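Dropping input_25.cif in here (mmCIF, C-alpha atoms):
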data_final
#
loop_
_atom_site.group_PDB
_atom_site.id
_atom_site.type_symbol
_atom_site.label_atom_id
_atom_site.label_comp_id
_atom_site.auth_asym_id
_atom_site.auth_seq_id
_atom_site.Cartn_x
_atom_site.Cartn_y
_atom_site.Cartn_z
ATOM 1 C CA MET A 260 108.031 13.784 -5.354
ATOM 2 C CA ARG A 261 109.934 16.532 -3.588
ATOM 3 C CA ILE A 262 108.416 20.040 -3.700
ATOM 4 C CA LEU A 263 110.541 23.159 -3.271
ATOM 5 C CA SER A 264 110.055 26.877 -3.658
ATOM 6 C CA TRP A 265 112.371 28.683 -6.060
ATOM 7 C CA ASP A 266 114.098 30.334 -3.095
ATOM 8 C CA ASP A 267 114.681 26.940 -1.464
ATOM 9 C CA PHE A 268 116.009 25.569 -4.762
ATOM 10 C CA LEU A 269 118.573 28.379 -4.849
ATOM 11 C CA SER A 270 119.549 28.203 -1.201
ATOM 12 C CA SER A 271 119.382 24.572 -0.142
ATOM 13 C CA PHE A 272 118.965 22.190 -3.087
ATOM 14 C CA LYS A 273 121.908 19.829 -3.520
ATOM 15 C CA ALA A 274 122.062 18.034 -6.851
ATOM 16 C CA GLU A 275 122.874 14.400 -6.124
ATOM 17 C CA LYS A 276 122.679 13.545 -9.825
ATOM 18 C CA PRO A 277 122.227 15.468 -13.090
ATOM 19 C CA MET A 278 118.830 16.953 -13.878
ATOM 20 C CA ALA A 279 116.407 16.651 -16.804
ATOM 21 C CA ALA A 280 113.791 19.394 -16.644
ATOM 22 C CA THR A 281 110.996 21.300 -18.288
ATOM 23 C CA ILE A 282 109.526 24.722 -17.533
ATOM 24 C CA GLY A 283 106.092 26.246 -18.001
ATOM 25 C CA VAL A 284 102.850 27.469 -16.469
ATOM 26 C CA PHE A 285 101.119 24.109 -17.109
ATOM 27 C CA ASP A 286 97.636 25.499 -16.497
ATOM 28 C CA GLY A 287 95.283 22.516 -16.792
ATOM 29 C CA LEU A 288 98.128 20.083 -17.562
ATOM 30 C CA HIS A 289 96.654 19.334 -20.988
ATOM 31 C CA ARG A 290 97.759 17.025 -23.813
ATOM 32 C CA GLY A 291 100.184 19.596 -25.182
ATOM 33 C CA HIS A 292 101.873 19.849 -21.795
ATOM 34 C CA LEU A 293 102.166 16.072 -21.629
ATOM 35 C CA SER A 294 104.302 16.084 -24.781
ATOM 36 C CA LEU A 295 106.835 18.170 -22.839
ATOM 37 C CA ILE A 296 106.679 15.797 -19.879
ATOM 38 C CA GLU A 297 107.131 12.811 -22.203
ATOM 39 C CA ALA A 298 110.277 14.394 -23.672
ATOM 40 C CA LEU A 299 111.572 14.975 -20.145
ATOM 41 C CA LEU A 300 110.845 11.410 -19.057
ATOM 42 C CA ALA A 301 112.530 10.038 -22.177
ATOM 43 C CA HIS A 302 115.752 11.758 -21.056
ATOM 44 C CA GLY A 303 115.256 11.117 -17.356
ATOM 45 C CA GLN A 304 117.085 7.827 -16.842
ATOM 46 C CA GLY A 305 119.818 8.362 -14.269
ATOM 47 C CA ARG A 306 118.731 11.978 -13.820
ATOM 48 C CA THR A 307 116.484 13.933 -11.476
ATOM 49 C CA LYS A 308 113.241 14.464 -13.390
ATOM 50 C CA ALA A 309 112.156 18.016 -12.542
ATOM 51 C CA VAL A 310 109.440 20.496 -13.458
ATOM 52 C CA PHE A 311 109.713 24.235 -12.818
ATOM 53 C CA THR A 312 106.348 25.974 -12.730
ATOM 54 C CA PHE A 313 104.542 28.839 -11.017
ATOM 55 C CA SER A 314 102.560 28.914 -7.801
ATOM 56 C CA ARG A 315 100.134 31.192 -9.677
ATOM 57 C CA SER A 316 99.939 32.289 -13.277
ATOM 58 C CA PRO A 317 102.256 35.137 -14.326
ATOM 59 C CA LYS A 318 99.318 36.522 -16.357
ATOM 60 C CA LEU A 319 97.354 36.954 -13.131
ATOM 61 C CA VAL A 320 100.235 39.021 -11.727
ATOM 62 C CA LEU A 321 100.940 41.048 -14.874
ATOM 63 C CA ARG A 322 97.413 41.561 -16.257
ATOM 64 C CA PRO A 323 94.879 40.862 -13.475
ATOM 65 C CA ASP A 324 92.112 42.903 -15.131
ATOM 66 C CA SER A 325 92.085 40.688 -18.218
ATOM 67 C CA TRP A 326 92.640 37.388 -16.395
ATOM 68 C CA GLN A 327 89.756 35.025 -17.210
ATOM 69 C CA GLY A 328 90.631 32.337 -14.675
ATOM 70 C CA GLY A 329 92.694 29.198 -14.365
ATOM 71 C CA LEU A 330 92.015 25.658 -15.522
ATOM 72 C CA SER A 331 93.399 24.055 -12.358
ATOM 73 C CA THR A 332 94.306 24.825 -8.785
ATOM 74 C CA LEU A 333 97.859 24.476 -7.561
ATOM 75 C CA GLY A 334 96.787 21.310 -5.743
ATOM 76 C CA GLN A 335 95.530 19.772 -8.984
ATOM 77 C CA LYS A 336 98.807 20.580 -10.734
ATOM 78 C CA VAL A 337 100.819 19.019 -7.920
ATOM 79 C CA GLN A 338 98.709 15.844 -8.031
ATOM 80 C CA GLY A 339 99.062 15.666 -11.800
ATOM 81 C CA PHE A 340 102.846 15.971 -11.729
ATOM 82 C CA GLU A 341 103.126 13.430 -8.940
ATOM 83 C CA ALA A 342 101.057 10.910 -10.922
ATOM 84 C CA LEU A 343 103.478 11.268 -13.852
ATOM 85 C CA GLY A 344 106.402 9.968 -11.818
ATOM 86 C CA LEU A 345 108.448 13.147 -11.476
ATOM 87 C CA ASP A 346 111.119 13.520 -8.810
ATOM 88 C CA LEU A 347 111.148 17.264 -8.162
ATOM 89 C CA LEU A 348 108.674 20.137 -8.479
ATOM 90 C CA VAL A 349 109.966 23.692 -8.055
ATOM 91 C CA LEU A 350 107.293 26.354 -7.501
ATOM 92 C CA ILE A 351 108.131 29.898 -8.536
ATOM 93 C CA ASP A 352 106.454 33.002 -7.094
ATOM 94 C CA PHE A 353 106.417 35.290 -10.111
ATOM 95 C CA SER A 354 105.397 38.310 -8.032
ATOM 96 C CA GLY A 355 108.728 38.343 -6.169
ATOM 97 C CA ASN A 356 112.258 39.070 -7.332
ATOM 98 C CA PHE A 357 111.989 36.320 -9.932
ATOM 99 C CA SER A 358 110.121 38.641 -12.319
ATOM 100 C CA LYS A 359 113.233 40.865 -12.476
ATOM 101 C CA LEU A 360 115.571 38.012 -13.399
ATOM 102 C CA ALA A 361 117.058 38.036 -16.908
ATOM 103 C CA GLY A 362 116.311 34.926 -18.944
ATOM 104 C CA ARG A 363 119.924 33.885 -19.392
ATOM 105 C CA GLU A 364 120.554 34.344 -15.673
ATOM 106 C CA PHE A 365 117.627 32.030 -14.960
ATOM 107 C CA LEU A 366 118.988 29.404 -17.358
ATOM 108 C CA SER A 367 122.424 29.719 -15.800
ATOM 109 C CA LEU A 368 120.962 29.067 -12.346
ATOM 110 C CA LEU A 369 119.264 25.906 -13.601
ATOM 111 C CA LYS A 370 122.615 24.676 -14.860
ATOM 112 C CA GLU A 371 124.626 25.688 -11.790
ATOM 113 C CA ARG A 372 122.189 24.841 -8.978
ATOM 114 C CA GLY A 373 120.440 21.888 -10.589
ATOM 115 C CA SER A 374 123.288 20.291 -12.515
ATOM 116 C CA LEU A 375 121.040 20.548 -15.570
ATOM 117 C CA GLU A 376 121.843 18.238 -18.504
ATOM 118 C CA TYR A 377 118.565 18.232 -20.460
ATOM 119 C CA LEU A 378 115.856 20.866 -20.875
ATOM 120 C CA ALA A 379 112.582 20.688 -22.843
ATOM 121 C CA VAL A 380 110.553 23.824 -23.563
ATOM 122 C CA GLY A 381 107.565 24.544 -25.777
ATOM 123 C CA SER A 382 108.005 26.543 -28.967
ATOM 124 C CA THR A 383 106.084 29.532 -27.526
ATOM 125 C CA PHE A 384 108.065 29.573 -24.271
ATOM 126 C CA SER A 385 109.734 32.812 -23.170
ATOM 127 C CA CYS A 386 111.473 33.712 -19.940
ATOM 128 C CA GLY A 387 113.276 36.571 -18.273
ATOM 129 C CA HIS A 388 112.457 40.174 -17.483
ATOM 130 C CA GLY A 389 110.525 41.601 -20.410
ATOM 131 C CA LEU A 390 110.508 38.087 -21.936
ATOM 132 C CA ASP A 391 114.063 38.715 -23.123
ATOM 133 C CA THR A 392 114.784 35.049 -23.911
ATOM 134 C CA LYS A 393 112.683 33.084 -26.408
ATOM 135 C CA ALA A 394 112.516 29.325 -26.899
ATOM 136 C CA GLY A 395 114.755 29.523 -29.973
ATOM 137 C CA ASP A 396 117.447 31.322 -27.970
ATOM 138 C CA ILE A 397 117.858 28.493 -25.492
ATOM 139 C CA PRO A 398 119.591 25.713 -27.528
ATOM 140 C CA PRO A 399 122.357 28.072 -28.744
ATOM 141 C CA TYR A 400 122.750 29.513 -25.237
ATOM 142 C CA PHE A 401 123.458 26.047 -23.848
ATOM 143 C CA SER A 402 125.646 24.977 -26.783
ATOM 144 C CA GLY A 403 129.026 23.880 -25.427
ATOM 145 C CA LYS A 404 127.796 24.019 -21.818
ATOM 146 C CA GLY A 405 126.940 20.330 -21.480
ATOM 147 C CA VAL A 406 123.173 20.844 -21.705
ATOM 148 C CA VAL A 407 120.935 19.436 -24.432
ATOM 149 C CA ALA A 408 118.057 21.883 -24.909
ATOM 150 C CA GLU A 409 115.114 20.800 -27.034
ATOM 151 C CA VAL A 410 112.265 22.958 -28.351
ATOM 152 C CA ILE A 411 109.126 20.819 -28.554
ATOM 153 C CA GLU A 412 106.652 21.729 -31.263
ATOM 154 C CA PRO A 413 103.015 22.097 -30.158
ATOM 155 C CA LEU A 414 100.489 19.297 -30.352
ATOM 156 C CA LEU A 415 97.771 20.205 -32.856
ATOM 157 C CA LYS A 416 94.005 19.774 -32.901
ATOM 158 C CA ASP A 417 92.183 20.677 -36.108
ATOM 159 C CA GLY A 418 95.370 22.236 -37.411
ATOM 160 C CA GLU A 419 95.810 24.617 -34.449
ATOM 161 C CA PRO A 420 98.044 24.265 -31.365
ATOM 162 C CA ILE A 421 96.484 22.938 -28.180
ATOM 163 C CA SER A 422 96.912 25.614 -25.537
ATOM 164 C CA SER A 423 95.500 26.611 -22.160
ATOM 165 C CA SER A 424 94.035 29.785 -23.663
ATOM 166 C CA ARG A 425 92.265 27.783 -26.377
ATOM 167 C CA ILE A 426 90.834 25.377 -23.783
ATOM 168 C CA ARG A 427 89.761 28.307 -21.612
ATOM 169 C CA LYS A 428 87.899 29.879 -24.552
ATOM 170 C CA ALA A 429 86.163 26.580 -25.358
ATOM 171 C CA LEU A 430 84.980 26.211 -21.751
ATOM 172 C CA LEU A 431 83.735 29.790 -21.496
ATOM 173 C CA GLU A 432 81.730 29.208 -24.680
ATOM 174 C CA GLY A 433 80.309 25.892 -23.409
ATOM 175 C CA ARG A 434 82.157 23.627 -25.840
ATOM 176 C CA LEU A 435 82.862 20.924 -23.249
ATOM 177 C CA ASP A 436 83.665 18.112 -25.703
ATOM 178 C CA GLU A 437 86.294 20.210 -27.443
ATOM 179 C CA ALA A 438 87.858 21.237 -24.131
ATOM 180 C CA ALA A 439 87.889 17.619 -22.905
ATOM 181 C CA ASP A 440 89.584 16.457 -26.100
ATOM 182 C CA MET A 441 92.386 18.999 -25.659
ATOM 183 C CA LEU A 442 92.718 18.287 -21.940
ATOM 184 C CA GLY A 443 92.655 14.534 -22.470
ATOM 185 C CA ARG A 444 89.899 14.212 -19.844
ATOM 186 C CA PRO A 445 86.668 15.944 -18.786
ATOM 187 C CA TYR A 446 87.192 19.379 -17.268
ATOM 188 C CA GLU A 447 87.333 19.178 -13.473
ATOM 189 C CA ILE A 448 86.816 21.858 -10.843
ATOM 190 C CA ASP A 449 88.524 21.457 -7.492
ATOM 191 C CA LEU A 450 86.118 22.062 -4.586
ATOM 192 C CA SER A 451 88.297 20.604 -1.836
ATOM 193 C CA SER A 452 88.891 23.986 -0.195
ATOM 194 C CA LEU A 453 85.154 24.747 0.110
ATOM 195 C CA GLU A 454 83.266 23.773 3.235
ATOM 196 C CA GLY A 455 79.848 22.222 3.786
ATOM 197 C CA LEU A 456 79.366 20.062 0.723
ATOM 198 C CA SER A 457 78.118 16.948 2.545
ATOM 199 C CA VAL A 458 74.468 17.870 2.995
ATOM 200 C CA GLY A 459 71.240 16.008 2.502
ATOM 201 C CA SER A 460 69.318 18.841 0.874
ATOM 202 C CA GLY A 461 69.963 21.032 -2.143
ATOM 203 C CA LEU A 462 72.979 23.260 -1.803
ATOM 204 C CA ALA A 463 74.158 26.418 -3.492
ATOM 205 C CA ILE A 464 77.746 27.459 -2.898
ATOM 206 C CA GLY A 465 79.799 30.447 -3.976
ATOM 207 C CA LEU A 466 81.771 30.277 -7.159
ATOM 208 C CA PRO A 467 85.267 28.753 -6.768
ATOM 209 C CA ARG A 468 87.669 31.685 -6.895
ATOM 210 C CA GLY A 469 89.982 32.012 -9.840
ATOM 211 C CA LEU A 470 88.732 29.007 -11.822
ATOM 212 C CA VAL A 471 87.087 28.944 -15.222
ATOM 213 C CA LEU A 472 83.410 27.975 -15.211
ATOM 214 C CA PRO A 473 81.301 27.097 -18.258
ATOM 215 C CA PRO A 474 78.242 29.243 -19.019
ATOM 216 C CA ALA A 475 75.183 29.208 -16.769
ATOM 217 C CA GLY A 476 73.069 26.097 -17.179
ATOM 218 C CA ILE A 477 72.322 22.618 -15.863
ATOM 219 C CA TYR A 478 75.152 20.147 -16.416
ATOM 220 C CA GLU A 479 75.594 16.441 -16.020
ATOM 221 C CA VAL A 480 78.688 16.062 -13.856
ATOM 222 C CA GLU A 481 80.495 13.400 -11.911
ATOM 223 C CA ALA A 482 80.683 14.450 -8.263
ATOM 224 C CA ILE A 483 83.827 12.936 -6.753
ATOM 225 C CA GLY A 484 84.656 12.430 -3.081
ATOM 226 C CA LYS A 485 87.476 10.576 -1.353
ATOM 227 C CA ASP A 486 85.756 7.208 -1.572
ATOM 228 C CA ARG A 487 82.509 7.918 -3.409
ATOM 229 C CA ARG A 488 81.384 9.339 -6.720
ATOM 230 C CA ALA A 489 78.017 9.905 -8.328
ATOM 231 C CA GLN A 490 76.515 11.204 -11.560
ATOM 232 C CA VAL A 491 74.419 14.274 -10.681
ATOM 233 C CA ARG A 492 72.896 17.347 -12.287
ATOM 234 C CA LEU A 493 74.726 20.519 -11.281
ATOM 235 C CA GLY A 494 73.461 24.038 -11.789
ATOM 236 C CA VAL A 495 75.924 26.774 -12.721
ATOM 237 C CA THR A 496 74.628 30.296 -12.043
ATOM 238 C CA ASP A 497 76.125 33.762 -11.598
ATOM 239 C CA GLN A 498 75.813 33.253 -7.833
ATOM 240 C CA GLY A 499 77.337 29.800 -7.487
ATOM 241 C CA LEU A 500 76.949 26.085 -7.981
ATOM 242 C CA GLU A 501 73.671 24.348 -7.155
ATOM 243 C CA PHE A 502 73.861 20.689 -6.163
ATOM 244 C CA PRO A 503 70.824 18.399 -6.023
ATOM 245 C CA PRO A 504 69.321 17.201 -2.732
ATOM 246 C CA GLY A 505 70.406 13.932 -1.145
ATOM 247 C CA LEU A 506 74.048 14.077 -2.150
ATOM 248 C CA GLY A 507 75.237 12.622 1.160
ATOM 249 C CA PHE A 508 79.034 12.914 0.833
ATOM 250 C CA LYS A 509 81.691 15.614 0.691
ATOM 251 C CA VAL A 510 82.426 16.565 -2.893
ATOM 252 C CA GLU A 511 86.090 17.280 -3.562
ATOM 253 C CA LYS A 512 85.792 17.888 -7.295
ATOM 254 C CA VAL A 513 83.303 17.792 -10.133
ATOM 255 C CA ALA A 514 83.995 16.620 -13.682
ATOM 256 C CA PHE A 515 81.786 18.215 -16.341
ATOM 257 C CA VAL A 516 80.278 15.661 -18.720
ATOM 258 C CA LYS A 517 77.739 17.628 -20.776
ATOM 259 C CA LEU A 518 75.267 20.492 -20.771
ATOM 260 C CA THR A 519 71.734 19.188 -20.318
ATOM 261 C CA GLN A 520 69.756 22.429 -20.113
ATOM 262 C CA GLU A 521 70.576 26.096 -20.660
#

Can the structure in the file be given as structure tokens, please?
Amino acid sequence: MRILSWDDFLSSFKAEKPMAATIGVFDGLHRGHLSLIEALLAHGQGRTKAVFTFSRSPKLVLRPDSWQGGLSTLGQKVQGFEALGLDLLVLIDFSGNFSKLAGREFLSLLKERGSLEYLAVGSTFSCGHGLDTKAGDIPPYFSGKGVVAEVIEPLLKDGEPISSSRIRKALLEGRLDEAADMLGRPYEIDLSSLEGLSVGSGLAIGLPRGLVLPPAGIYEVEAIGKDRRAQVRLGVTDQGLEFPPGLGFKVEKVAFVKLTQE
């Protein structure tokens, strides 16, 4: 999978074949997101299968004081997209000039620079400065321009749309099973950027920056390294994460299974 910045996409990308794409934040890459990817893949034969997403959440840029944290690191998102068989990932820095771009100008650039022929967006998608272009505006905008634009309805759980904000709320309230059902897997925290996790005694580390953590308590987790994994009890506190003694390998991520003790 090729990875480009938005600036590189504009300046140096050469479309060797038409493009099928989707756009979104994709925080956590949950089951609802996968319905967008599935629509893209279904129209991807003979086309470059591309995802346009953000290097960090626009909400973090626009409303940092109310930001409750992400469900995945950028590295996790990249790995997830790569595993789905995509050809191109374009990372957008929302804090730059992109935030001033009108929605229709953005769509026009996808068509012109990417040779876009198919686009899938979620029904709550908006783009452009001041969110001037809604999902429902996109199919008529592309009508007659050689682009099939499809608005994908949300995947529901218990009658409500699956969303990153709903998963975030479930995690913050300790409802791990509900979050895992919407994610399609246990919630994982990426620890690969933290140092010193291969120790033989108990270890407390600082909280991973910018990621959602469940409430304080003792959790059963799967500690995952490059070539080893183990079921352990992990403490979550206001100060950090507390691993048990005798771990013996570098932990790159932990998958939360269940709360065992508050």

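Counting all atoms listed in the file, the residue from A:Leu330, A:Arg427, A:Val407, A:Ala394 that sits nearest to Lys370 of chain A is A:Val407.
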
Item checked: Selection near Arg261 of chain A, 8 Å with all atoms listed in the file, sequence-local residues under 6 positions removed, as a PyMOL selection string -> chain A and resi 346-348

Next item on the list: List, as JSON, numbers by chain, every residue that the PyMOL selection byres ((chain A and resi 296-305) around 8) selects in the file provided.
Entry: {"A": [276, 277, 278, 279, 280, 281, 292, 293, 294, 295, 306, 307, 308, 377, 378, 379]}

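Using all atoms listed in the file, the smallest distance between any of A:Ser354, A:Thr312, A:Gln490, A:Thr383 and Ile421 of chain A comes from A:Thr383.
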
Listed atoms of segment 344-363 of chain A boxed along x, y and z, 3 Å each side, centre and edge lengths in Å, one decimal, as lines of an AutoDock Vina configuration file:
center_x = 112.7
center_y = 25.4
center_z = -12.8
size_x = 20.5
size_y = 36.9
size_z = 19.2

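The spacing separating atom CA of Leu366 of chain A from atom CA of Ser382 of chain A amounts to 16.2 Å.
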
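Minimum atom-to-atom distances from A:Tyr400, A:Phe285, A:Phe353, A:Phe340 to Phe384 of chain A were compared using only C-alpha atoms, and the lowest value belongs to A:Phe285.
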
Next item on the list: Return the single residue from A:Ser325, A:Ser316, A:Ser452, A:Ser270 that is closest to Leu368 of chain A, with distances computed using all atoms listed in the file.
Entry: A:Ser270

Notebook entry, point to check: So what does the PyMOL selection byres ((chain A and resi 428) around 12) actually pick up in this one, as number ranges by chain?
Noted result: A: 327-330, 421-427, 429-435, 437-438, 441, 471-474

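Of note, atom CA of Ile262 of chain A and atom CA of Leu453 of chain A are spaced 24.0 Å apart.
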
Next item on the list: Using the chain letters and numbers from the file, give me the residues hit by the PyMOL selection byres ((chain A and resi 513) around 9), as a count of residues only.
Entry: 15

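Atom CA of Ser314 of chain A to atom CA of Val406 of chain A spans 26.1 Å [interatomic distance, one decimal].
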
Next item on the list: Skip Gly389 of chain A itself and residues of its chain fewer than 5 positions away, then list as a VMD selection string all residues within 9 Å of it, counting all atoms listed in the file.
Entry: chain A and resid 358 to 359 361 to 362

Next item on the list: Please check which residues have atoms at most 12 Å from (73.6, 29.0, -11.7) in the file's coordinates, counting only C-alpha atoms, and write them as a VMD selection string.
Entry: chain A and resid 462 to 466 472 to 478 492 to 502 520 to 521

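Residue nearest Ser402 of chain A within the list A:Gly381, A:Phe311, A:Glu376, A:Val516: A:Glu376 [criterion: smallest interatomic distance, only C-alpha atoms].
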